[in-house]
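The file input05.pdb comes next; it holds PDB, C-alpha atoms.
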ATOM      1  CA  MET Q   5     167.045 -79.355   0.741
ATOM      2  CA  GLY Q   6     163.701 -81.174   0.616
ATOM      3  CA  ASP Q   7     161.588 -81.528  -2.500
ATOM      4  CA  TYR Q   8     158.744 -79.435  -1.079
ATOM      5  CA  ILE Q   9     158.123 -76.696   1.450
ATOM      6  CA  ILE Q  10     155.284 -76.170   3.895
ATOM      7  CA  SER Q  11     154.157 -72.585   4.156
ATOM      8  CA  CYS Q  12     151.627 -70.311   5.827
ATOM      9  CA  CYS Q  13     150.763 -66.659   6.377
ATOM     10  CA  SER Q  14     152.285 -64.653   9.226
ATOM     11  CA  THR Q  15     148.838 -64.782  10.853
ATOM     12  CA  ALA Q  16     149.730 -68.246  12.197
ATOM     13  CA  ASP Q  17     151.216 -66.173  15.043
ATOM     14  CA  LEU Q  18     154.248 -68.238  15.954
ATOM     15  CA  THR Q  19     157.648 -66.699  16.627
ATOM     16  CA  GLU Q  20     160.231 -66.361  13.893
ATOM     17  CA  GLU Q  21     162.443 -68.728  15.884
ATOM     18  CA  HIS Q  22     159.673 -71.325  15.924
ATOM     19  CA  PHE Q  23     159.095 -71.046  12.174
ATOM     20  CA  ARG Q  24     162.820 -71.305  11.501
ATOM     21  CA  SER Q  25     163.397 -74.257  13.834
ATOM     22  CA  ARG Q  26     160.566 -76.227  12.190
ATOM     23  CA  ASP Q  27     161.536 -75.181   8.625
ATOM     24  CA  ILE Q  28     158.149 -73.534   8.008
ATOM     25  CA  SER Q  29     158.088 -70.694   5.477
ATOM     26  CA  TYR Q  30     155.701 -67.740   5.819
ATOM     27  CA  ILE Q  31     154.508 -64.653   3.958
ATOM     28  CA  CYS Q  32     153.515 -61.446   5.719
ATOM     29  CA  PHE Q  33     150.146 -59.716   5.869
ATOM     30  CA  HIS Q  34     150.128 -55.897   6.206
ATOM     31  CA  TYR Q  35     148.563 -53.399   8.577
ATOM     32  CA  GLU Q  36     148.318 -49.668   9.111
ATOM     33  CA  LEU Q  37     148.694 -47.868  12.406
ATOM     34  CA  ASP Q  38     147.516 -44.249  12.281
ATOM     35  CA  GLY Q  39     148.055 -44.249   8.522
ATOM     36  CA  VAL Q  40     151.589 -45.691   8.572
ATOM     37  CA  GLN Q  41     151.998 -49.026   6.792
ATOM     38  CA  TYR Q  42     153.834 -51.961   8.341
ATOM     39  CA  ALA Q  43     154.413 -55.610   7.555
ATOM     40  CA  ASP Q  44     152.858 -58.097   9.974
ATOM     41  CA  ASP Q  45     156.336 -59.529  10.463
ATOM     42  CA  LEU Q  46     156.038 -61.226  13.848
ATOM     43  CA  GLY Q  47     156.794 -58.099  15.843
ATOM     44  CA  LYS Q  48     160.051 -57.102  14.123
ATOM     45  CA  SER Q  49     158.869 -53.786  12.670
ATOM     46  CA  MET Q  50     157.008 -52.918  15.854
ATOM     47  CA  PRO Q  51     157.214 -54.795  19.157
ATOM     48  CA  PHE Q  52     153.874 -56.247  20.178
ATOM     49  CA  GLU Q  53     153.899 -54.386  23.499
ATOM     50  CA  GLU Q  54     154.214 -51.079  21.655
ATOM     51  CA  PHE Q  55     151.525 -52.034  19.137
ATOM     52  CA  TYR Q  56     148.942 -52.820  21.809
ATOM     53  CA  LYS Q  57     149.908 -49.764  23.852
ATOM     54  CA  LYS Q  58     149.205 -47.565  20.839
ATOM     55  CA  MET Q  59     145.847 -49.285  20.311
ATOM     56  CA  THR Q  60     144.947 -48.659  23.951
ATOM     57  CA  GLN Q  61     145.841 -45.003  23.437
ATOM     58  CA  GLY Q  62     143.370 -44.770  20.544
ATOM     59  CA  ALA Q  63     145.453 -45.457  17.432
ATOM     60  CA  ASP Q  64     143.484 -46.384  14.291
ATOM     61  CA  THR Q  65     144.326 -49.726  12.705
ATOM     62  CA  LYS Q  66     143.599 -51.225   9.306
ATOM     63  CA  THR Q  67     144.727 -54.512   7.817
ATOM     64  CA  SER Q  68     145.347 -55.738   4.282
ATOM     65  CA  GLN Q  69     145.893 -59.257   3.054
ATOM     66  CA  VAL Q  70     148.635 -60.601   0.823
ATOM     67  CA  ASN Q  71     147.825 -59.861  -2.821
ATOM     68  CA  SER Q  72     148.178 -62.243  -5.766
ATOM     69  CA  GLU Q  73     151.364 -60.616  -7.083
ATOM     70  CA  GLU Q  74     153.046 -61.033  -3.705
ATOM     71  CA  PHE Q  75     151.998 -64.680  -3.643
ATOM     72  CA  ARG Q  76     153.277 -65.207  -7.161
ATOM     73  CA  GLU Q  77     156.710 -63.821  -6.309
ATOM     74  CA  TYR Q  78     156.794 -65.787  -3.048
ATOM     75  CA  PHE Q  79     155.750 -69.136  -4.566
ATOM     76  CA  GLU Q  80     157.919 -68.744  -7.651
ATOM     77  CA  ALA Q  81     161.104 -68.483  -5.606
ATOM     78  CA  PHE Q  82     160.531 -72.046  -4.393
ATOM     79  CA  LEU Q  83     159.423 -73.363  -7.775
ATOM     80  CA  LYS Q  84     162.618 -72.042  -9.384
ATOM     81  CA  GLU Q  85     164.564 -74.120  -6.863
ATOM     82  CA  GLY Q  86     162.698 -77.212  -8.071
ATOM     83  CA  ARG Q  87     160.582 -77.458  -4.922
ATOM     84  CA  ASP Q  88     156.835 -78.011  -4.645
ATOM     85  CA  VAL Q  89     154.668 -75.911  -2.304
ATOM     86  CA  LEU Q  90     151.990 -76.711   0.276
ATOM     87  CA  HIS Q  91     150.608 -73.394   1.516
ATOM     88  CA  LEU Q  92     147.932 -72.963   4.171
ATOM     89  CA  CYS Q  93     145.971 -69.696   4.227
ATOM     90  CA  LEU Q  94     144.319 -67.870   7.099
ATOM     91  CA  SER Q  95     140.712 -69.038   7.475
ATOM     92  CA  SER Q  96     138.344 -67.995   4.689
ATOM     93  CA  GLY Q  97     135.820 -67.364   7.456
ATOM     94  CA  ILE Q  98     137.691 -64.199   8.438
ATOM     95  CA  SER Q  99     139.776 -63.317   5.356
ATOM     96  CA  GLY Q 100     139.658 -63.569   1.584
ATOM     97  CA  VAL Q 101     143.409 -64.115   1.265
ATOM     98  CA  ILE Q 102     142.967 -67.621  -0.154
ATOM     99  CA  ASN Q 103     141.602 -66.073  -3.356
ATOM    100  CA  SER Q 104     144.893 -64.250  -3.914
ATOM    101  CA  ALA Q 105     146.862 -67.435  -3.296
ATOM    102  CA  LEU Q 106     144.672 -69.422  -5.702
ATOM    103  CA  ALA Q 107     145.065 -66.774  -8.409
ATOM    104  CA  ALA Q 108     148.852 -66.979  -8.094
ATOM    105  CA  LYS Q 109     148.710 -70.792  -8.098
ATOM    106  CA  GLN Q 110     146.697 -70.868 -11.323
ATOM    107  CA  GLU Q 111     149.101 -68.525 -13.084
ATOM    108  CA  LEU Q 112     152.230 -70.315 -11.922
ATOM    109  CA  GLU Q 113     150.965 -73.794 -12.774
ATOM    110  CA  GLU Q 114     150.973 -72.758 -16.427
ATOM    111  CA  LEU Q 115     154.599 -71.631 -16.155
ATOM    112  CA  TYR Q 116     155.789 -74.573 -14.066
ATOM    113  CA  PRO Q 117     153.721 -77.574 -15.233
ATOM    114  CA  ASP Q 118     156.106 -80.068 -13.596
ATOM    115  CA  ARG Q 119     155.756 -78.529 -10.137
ATOM    116  CA  LYS Q 120     152.950 -78.930  -7.568
ATOM    117  CA  ILE Q 121     151.285 -76.057  -5.717
ATOM    118  CA  TYR Q 122     148.696 -76.943  -3.101
ATOM    119  CA  VAL Q 123     146.715 -74.129  -1.476
ATOM    120  CA  VAL Q 124     144.638 -75.045   1.588
ATOM    121  CA  ASP Q 125     142.060 -73.087   3.563
ATOM    122  CA  SER Q 126     143.317 -73.736   7.095
ATOM    123  CA  LEU Q 127     139.948 -72.813   8.663
ATOM    124  CA  GLY Q 128     142.177 -71.622  11.479
ATOM    125  CA  ALA Q 129     143.720 -68.481  12.901
ATOM    126  CA  SER Q 130     146.499 -67.261  15.163
ATOM    127  CA  SER Q 131     148.460 -69.938  17.015
ATOM    128  CA  GLY Q 132     145.749 -72.529  16.316
ATOM    129  CA  TYR Q 133     146.704 -72.182  12.678
ATOM    130  CA  GLY Q 134     150.287 -72.324  13.973
ATOM    131  CA  LEU Q 135     149.643 -75.548  15.881
ATOM    132  CA  LEU Q 136     148.344 -77.085  12.652
ATOM    133  CA  MET Q 137     151.531 -76.008  10.866
ATOM    134  CA  ASP Q 138     153.642 -77.513  13.633
ATOM    135  CA  LYS Q 139     151.881 -80.869  13.161
ATOM    136  CA  LEU Q 140     152.491 -80.732   9.408
ATOM    137  CA  ALA Q 141     156.178 -80.195  10.120
ATOM    138  CA  ASP Q 142     156.141 -83.345  12.277
ATOM    139  CA  LEU Q 143     154.530 -85.389   9.514
ATOM    140  CA  ARG Q 144     156.894 -84.006   6.864
ATOM    141  CA  ASP Q 145     159.896 -84.801   9.062
ATOM    142  CA  ASP Q 146     158.563 -88.339   9.497
ATOM    143  CA  GLY Q 147     158.762 -88.754   5.713
ATOM    144  CA  MET Q 148     155.248 -87.970   4.499
ATOM    145  CA  GLY Q 149     155.190 -86.752   0.896
ATOM    146  CA  ILE Q 150     153.405 -83.622  -0.251
ATOM    147  CA  ASP Q 151     150.398 -85.416  -1.805
ATOM    148  CA  GLU Q 152     149.723 -87.439   1.321
ATOM    149  CA  LEU Q 153     150.318 -84.424   3.563
ATOM    150  CA  TYR Q 154     147.848 -82.338   1.553
ATOM    151  CA  ALA Q 155     145.211 -85.071   1.920
ATOM    152  CA  TRP Q 156     145.924 -85.400   5.659
ATOM    153  CA  THR Q 157     145.532 -81.643   6.119
ATOM    154  CA  GLU Q 158     142.168 -81.504   4.387
ATOM    155  CA  LYS Q 159     140.918 -84.457   6.433
ATOM    156  CA  ASN Q 160     142.127 -83.282   9.851
ATOM    157  CA  LYS Q 161     142.186 -79.464   9.882
ATOM    158  CA  ARG Q 162     138.780 -79.174  11.598
ATOM    159  CA  ARG Q 163     140.129 -81.197  14.521
ATOM    160  CA  LEU Q 164     142.166 -78.174  15.582
ATOM    161  CA  ASN Q 165     139.979 -76.578  18.268
ATOM    162  CA  HIS Q 166     139.952 -72.792  18.835
ATOM    163  CA  TRP Q 167     138.411 -71.302  21.999
ATOM    164  CA  PHE Q 168     138.967 -67.749  23.154
ATOM    165  CA  PHE Q 169     137.687 -65.007  25.407
ATOM    166  CA  SER Q 170     138.160 -61.272  25.796
ATOM    167  CA  THR Q 171     138.173 -59.100  28.881
ATOM    168  CA  ASP Q 172     138.056 -55.896  26.796
ATOM    169  CA  LEU Q 173     135.230 -55.506  24.276
ATOM    170  CA  THR Q 174     136.346 -52.094  22.972
ATOM    171  CA  PHE Q 175     137.646 -53.295  19.632
ATOM    172  CA  TYR Q 176     134.976 -55.965  19.199
ATOM    173  CA  ILE Q 177     132.469 -53.113  19.414
ATOM    174  CA  LYS Q 178     134.534 -50.920  17.095
ATOM    175  CA  GLY Q 179     134.691 -53.686  14.499
ATOM    176  CA  GLY Q 180     130.975 -54.458  14.734
ATOM    177  CA  ARG Q 181     131.413 -57.940  16.232
ATOM    178  CA  VAL Q 182     129.613 -56.803  19.379
ATOM    179  CA  SER Q 183     126.857 -54.161  19.377
ATOM    180  CA  ARG Q 184     127.413 -50.986  21.375
ATOM    181  CA  ALA Q 185     124.450 -51.770  23.603
ATOM    182  CA  SER Q 186     125.675 -55.298  24.323
ATOM    183  CA  GLY Q 187     129.183 -54.002  24.857
ATOM    184  CA  PHE Q 188     128.022 -51.396  27.345
ATOM    185  CA  ILE Q 189     125.949 -53.890  29.295
ATOM    186  CA  GLY Q 190     128.771 -56.409  29.165
ATOM    187  CA  GLY Q 191     131.192 -53.851  30.543
ATOM    188  CA  VAL Q 192     128.899 -52.922  33.408
ATOM    189  CA  LEU Q 193     128.233 -56.555  34.328
ATOM    190  CA  GLY Q 194     131.802 -57.709  33.791
ATOM    191  CA  ILE Q 195     130.835 -60.133  31.027
ATOM    192  CA  CYS Q 196     133.635 -61.878  29.169
ATOM    193  CA  PRO Q 197     132.309 -63.563  26.013
ATOM    194  CA  LEU Q 198     133.588 -67.070  25.278
ATOM    195  CA  LEU Q 199     133.842 -67.744  21.543
ATOM    196  CA  ASN Q 200     135.119 -70.457  19.270
ATOM    197  CA  MET Q 201     135.808 -71.080  15.596
ATOM    198  CA  ASP Q 202     133.153 -73.094  13.776
ATOM    199  CA  ASN Q 203     133.460 -75.649  10.983
ATOM    200  CA  LEU Q 204     133.536 -72.865   8.375
ATOM    201  CA  GLY Q 205     136.339 -71.035  10.141
ATOM    202  CA  ARG Q 206     134.155 -68.218  11.470
ATOM    203  CA  LEU Q 207     134.397 -66.700  14.946
ATOM    204  CA  ILE Q 208     131.189 -67.497  16.825
ATOM    205  CA  PRO Q 209     130.132 -66.167  20.273
ATOM    206  CA  ARG Q 210     129.021 -69.160  22.351
ATOM    207  CA  PHE Q 211     128.641 -68.071  25.982
ATOM    208  CA  LYS Q 212     128.406 -64.887  28.061
ATOM    209  CA  ILE Q 213     130.288 -65.430  31.291
ATOM    210  CA  ARG Q 214     130.556 -63.010  34.178
ATOM    211  CA  THR Q 215     134.010 -62.299  35.623
ATOM    212  CA  LYS Q 216     137.467 -63.120  34.376
ATOM    213  CA  ARG Q 217     137.936 -65.887  36.940
ATOM    214  CA  LYS Q 218     134.906 -67.810  35.685
ATOM    215  CA  VAL Q 219     135.756 -67.449  32.002
ATOM    216  CA  ILE Q 220     139.280 -68.736  32.641
ATOM    217  CA  GLN Q 221     137.786 -71.789  34.311
ATOM    218  CA  ALA Q 222     135.220 -72.187  31.521
ATOM    219  CA  ILE Q 223     137.791 -72.186  28.702
ATOM    220  CA  VAL Q 224     139.787 -74.941  30.430
ATOM    221  CA  GLU Q 225     136.573 -76.930  30.905
ATOM    222  CA  LYS Q 226     136.000 -76.692  27.140
ATOM    223  CA  MET Q 227     139.386 -78.287  26.613
ATOM    224  CA  GLU Q 228     138.419 -81.087  29.022
ATOM    225  CA  GLU Q 229     135.218 -81.596  27.018
ATOM    226  CA  TYR Q 230     136.607 -81.440  23.481
ATOM    227  CA  ALA Q 231     140.281 -82.484  23.602
ATOM    228  CA  ASP Q 232     141.427 -85.880  22.308
ATOM    229  CA  GLY Q 233     141.280 -88.195  25.322
ATOM    230  CA  GLY Q 234     139.813 -85.567  27.638
ATOM    231  CA  LEU Q 235     142.062 -85.162  30.676
ATOM    232  CA  ASP Q 236     144.392 -87.770  29.134
ATOM    233  CA  TYR Q 237     145.149 -85.404  26.227
ATOM    234  CA  SER Q 238     148.736 -86.014  25.160
ATOM    235  CA  GLY Q 239     149.110 -83.507  22.335
ATOM    236  CA  LYS Q 240     150.547 -80.012  22.284
ATOM    237  CA  CYS Q 241     148.642 -76.966  23.502
ATOM    238  CA  TYR Q 242     149.191 -73.379  22.337
ATOM    239  CA  ILE Q 243     147.805 -70.092  23.650
ATOM    240  CA  SER Q 244     147.764 -66.675  21.985
ATOM    241  CA  GLN Q 245     147.332 -63.507  24.026
ATOM    242  CA  SER Q 246     147.044 -59.805  23.246
ATOM    243  CA  ALA Q 247     148.788 -57.802  25.983
ATOM    244  CA  CYS Q 248     147.277 -59.928  28.776
ATOM    245  CA  ARG Q 249     150.009 -62.430  29.546
ATOM    246  CA  GLU Q 250     148.936 -62.841  33.170
ATOM    247  CA  ASP Q 251     145.514 -64.080  32.049
ATOM    248  CA  ALA Q 252     147.132 -66.404  29.513
ATOM    249  CA  ARG Q 253     149.499 -67.707  32.175
ATOM    250  CA  ALA Q 254     146.544 -68.404  34.483
ATOM    251  CA  VAL Q 255     144.928 -70.536  31.759
ATOM    252  CA  ALA Q 256     148.219 -72.300  31.018
ATOM    253  CA  ASP Q 257     148.860 -73.076  34.690
ATOM    254  CA  MET Q 258     145.421 -74.608  35.075
ATOM    255  CA  ILE Q 259     145.896 -76.731  31.928
ATOM    256  CA  GLU Q 260     149.325 -77.951  32.960
ATOM    257  CA  GLU Q 261     147.881 -78.995  36.323
ATOM    258  CA  ARG Q 262     144.805 -80.768  34.941
ATOM    259  CA  PHE Q 263     146.362 -82.473  31.888
ATOM    260  CA  PRO Q 264     149.305 -84.519  33.222
ATOM    261  CA  LYS Q 265     150.027 -86.208  29.862
ATOM    262  CA  LEU Q 266     150.356 -82.931  27.927
ATOM    263  CA  ASN Q 267     153.139 -82.930  25.341
ATOM    264  CA  GLY Q 268     155.446 -80.379  26.969
ATOM    265  CA  LYS Q 269     154.472 -77.104  28.546
ATOM    266  CA  VAL Q 270     151.744 -74.856  27.125
ATOM    267  CA  GLU Q 271     153.331 -72.536  24.544
ATOM    268  CA  ILE Q 272     152.188 -68.913  24.888
ATOM    269  CA  ASN Q 273     152.487 -66.594  21.866
ATOM    270  CA  TYR Q 274     151.250 -63.127  21.004
ATOM    271  CA  VAL Q 275     148.144 -62.508  18.949
ATOM    272  CA  GLY Q 276     149.872 -60.893  15.976
ATOM    273  CA  THR Q 277     149.278 -57.428  14.587
ATOM    274  CA  THR Q 278     146.822 -58.470  11.849
ATOM    275  CA  ILE Q 279     144.398 -60.343  14.090
ATOM    276  CA  GLY Q 280     145.209 -58.065  17.013
ATOM    277  CA  SER Q 281     144.102 -55.059  14.962
ATOM    278  CA  HIS Q 282     140.576 -56.465  15.239
ATOM    279  CA  THR Q 283     140.626 -57.956  18.747
ATOM    280  CA  GLY Q 284     142.628 -55.287  20.527
ATOM    281  CA  PRO Q 285     144.198 -56.072  23.899
ATOM    282  CA  GLY Q 286     142.611 -58.449  26.394
ATOM    283  CA  THR Q 287     142.077 -61.578  24.276
ATOM    284  CA  VAL Q 288     143.241 -65.062  25.297
ATOM    285  CA  ALA Q 289     142.903 -67.876  22.745
ATOM    286  CA  LEU Q 290     143.379 -71.574  23.481
ATOM    287  CA  PHE Q 291     144.238 -74.205  20.854
ATOM    288  CA  PHE Q 292     144.404 -77.994  21.022
ATOM    289  CA  TRP Q 293     143.639 -81.143  18.997
ATOM    290  CA  GLY Q 294     140.258 -82.681  19.628
ATOM    291  CA  ARG Q 295     136.747 -83.308  18.449
ATOM    292  CA  GLU Q 296     136.117 -82.315  14.839
ATOM    293  CA  ARG Q 297     134.299 -79.018  14.431
ATOM    294  CA  THR Q 298     130.921 -79.779  12.862
ATOM    295  CA  GLU Q 299     128.967 -76.587  13.535
TER     296      GLU Q 299
END

Could you show the structure in this file as structure tokens?
Amino acid sequence: MGDYIISCCSTADLTEEHFRSRDISYICFHYELDGVQYADDLGKSMPFEEFYKKMTQGADTKTSQVNSEEFREYFEAFLKEGRDVLHLCLSSGISGVINSALAAKQELEELYPDRKIYVVDSLGASSGYGLLMDKLADLRDDGMGIDELYAWTEKNKRRLNHWFFSTDLTFYIKGGRVSRASGFIGGVLGICPLLNMDNLGRLIPRFKIRTKRKVIQAIVEKMEEYADGGLDYSGKCYISQSACREDARAVADMIEERFPKLNGKVEINYVGTTIGSHTGPGTVALFFWGRERTE
């Protein structure tokens, strides 16, 4: 057993098998579907296909973050084992969960003065946040200590690029991210907005692109533009998708063809139930290491 653990929220949207194989711990967000509460537990309580089907049929969704008491109980289990904790939270640009984690950290540091608890704002979401966690697992396995790993994370987390598009604006309109007028016009014209995550971890619309075919090409072109080494990119690449695997596969196929030095195949995951409650079906998100986000 190592002397520290790396940890995240379930909103890193990797599979349970992936988390287990990389020895990454996680704590679950919560959501409601038509008034019934569930844990965002990587699709165990409700399969993702069923979740998105219910959303398409008009189910109401609400989400709630991990509270400070949950974090305290979660962190303390590791501290009692004599292990330090490096925990990365879902981006503060879309959630206030880091405040709960920091409150638990402050309380526990008084009870366990010989232990270390680092809480980091990942400035990331979904499998981009997951790709960051995967890199931390690599560095930990290579022997990096918790202090050095914490410093590395703070220095490099903005290098994790997030680009995504949606072919269904229904839930973006419902959540107020897209106005009803813009959503109506976009639907008529077949516009698929291309967005990214900025340096503050906020989701920012960047381009309005007509047709699915063109937006798929555009998102791959953004990877060519921003990835480390351009077409010589040799890192890993993850995709998250919400009930639109064919679109995600089309992006992955194009990337695997254009980036011959890619580290393995593109890994495709689901957008989990917390983030998916706000995006709805039809979202494809692309994640890779590249140019630091500055705006």

**Q.** Distance in Å - atom CA of Ile195 of chain Q versus atom CA of Asp257 of chain Q
**A.** 22.5 Å

Q) For this file, the PyMOL selection byres ((chain Q and resi 59) around 10) selects which residues, as a ChimeraX atom specification? A) /Q:37-38,54-58,60-65,175,280-281,284-285

Hey, could you pull the box centre and edge lengths for segment 95-110 of chain Q, axis-aligned, 3 Å padding per side, all listed atoms, to one decimal in Å, as AutoDock Vina command-line options?
--center_x 142.3 --center_y -67.1 --center_z -1.4 --size_x 19.0 --size_y 13.6 --size_z 25.8

Q.
On this structure, the PyMOL selection byres ((chain Q and resi 17-26) around 10) would catch which residues? List them as a PyMOL selection string, sorted by chain and number.
A. chain Q and resi 10-16+27-30+44-48+129-135+137-142+145+242+244+271-279

Q. In terms of the shortest atom-to-atom distance over all atoms listed in the file, which of Q:Lys109, Q:Arg295, Q:Arg119, Q:Arg144 is closest to Lys226 of chain Q?
A.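 Once distances to Lys226 of chain Q are computed over all atoms listed in the file, the minimum belongs to Q:Arg295.
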
(Q) If we count only C-alpha atoms and set the cut-off at 6 Å, which residues sit around Ser126 of chain Q, ignoring sequence neighbours fewer than 6 positions away in its own chain? Please answer as an NGL selection string. (A) :Q and (92-95)

Q: Would you please work out which residue, of Q:Glu113, Q:Val219, Q:Val255, Q:Arg214, is nearest to Leu198 of chain Q when using only C-alpha atoms?
A: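 Closest candidate: Q:Val219.
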
Q) In Å, how far is it from atom CA of Glu111 of chain Q to atom CA of Leu90 of chain Q? A)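 Interatomic distance here is 15.9 Å.
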
Q | Between atom CA of Gly149 of chain Q and atom CA of Glu77 of chain Q, distance in Å (one decimal) | A |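 About the pair atom CA of Gly149 of chain Q and atom CA of Glu77 of chain Q: they are 24.1 Å apart.
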
Q: Go through the shown structure with the PyMOL selection byres ((chain Q and resi 205-209) around 12) and write out the matching residues as a PyMOL selection string.
A: chain Q and resi 93-100+125-130+132-133+161-170+176+181-182+196-204+210-213+279+282-283+289+297-299

Q | Among the residues Q:Ala105, Q:Ser68, Q:Ile243, Q:Val224, the one that comes closest to Gln41 of chain Q [using only C-alpha atoms] | A |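 Smallest separation from Gln41 of chain Q among the options: Q:Ser68.
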
Q: Compare Q:Tyr35, Q:Ser238, Q:Glu85, Q:Gly194 by their minimum atom-to-atom distance to Leu173 of chain Q, counting all atoms listed in the file, and give me the closest one.
A: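 The shortest atom-to-atom distance to Leu173 of chain Q comes from Q:Gly194.
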
Q: Determine, counting only C-alpha atoms, which protein, DNA and RNA residues have an atom within 10 Å of an atom of Arg87 of chain Q; residues of the same chain fewer than 6 positions away are not included. Present the result as a PyMOL selection string.
A: chain Q and resi 5-9+79-81+119-121

Q) For Val123 of chain Q, which residue among Q:Glu152, Q:Glu158, Q:Asp146, Q:Glu73 is the nearest when counting all atoms listed in the file? A)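 Nearest candidate to Val123 of chain Q out of Q:Glu152, Q:Glu158, Q:Asp146, Q:Glu73: Q:Glu158.
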
(Q) Show me, as a list in words, the residues that have an atom within 10 Å of Arg262 of chain Q when counting all atoms listed in the file, minus same-chain residues fewer than 2 positions from it. (A)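 Close residues of Arg262 of chain Q: Val224, Glu225, Glu228, Leu235, Asp236, Tyr237, Ala256, Asp257, Met258, Ile259, Glu260, Pro264, Lys265 and Leu266 of chain Q.
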
As a compact mmCIF listing (two decimals) with C-alpha atoms, in the frame of the given file, please: the residues near Leu106 of chain Q (cut-off 9 Å, all atoms listed in the file, same-chain neighbours under 6 positions excluded).
# COMPACT_ATOMS: atom_id res chain seq x y z
CA SER Q 72 148.18 -62.24 -5.77
CA PHE Q 75 152.00 -64.68 -3.64
CA TYR Q 122 148.70 -76.94 -3.10
CA VAL Q 123 146.72 -74.13 -1.48
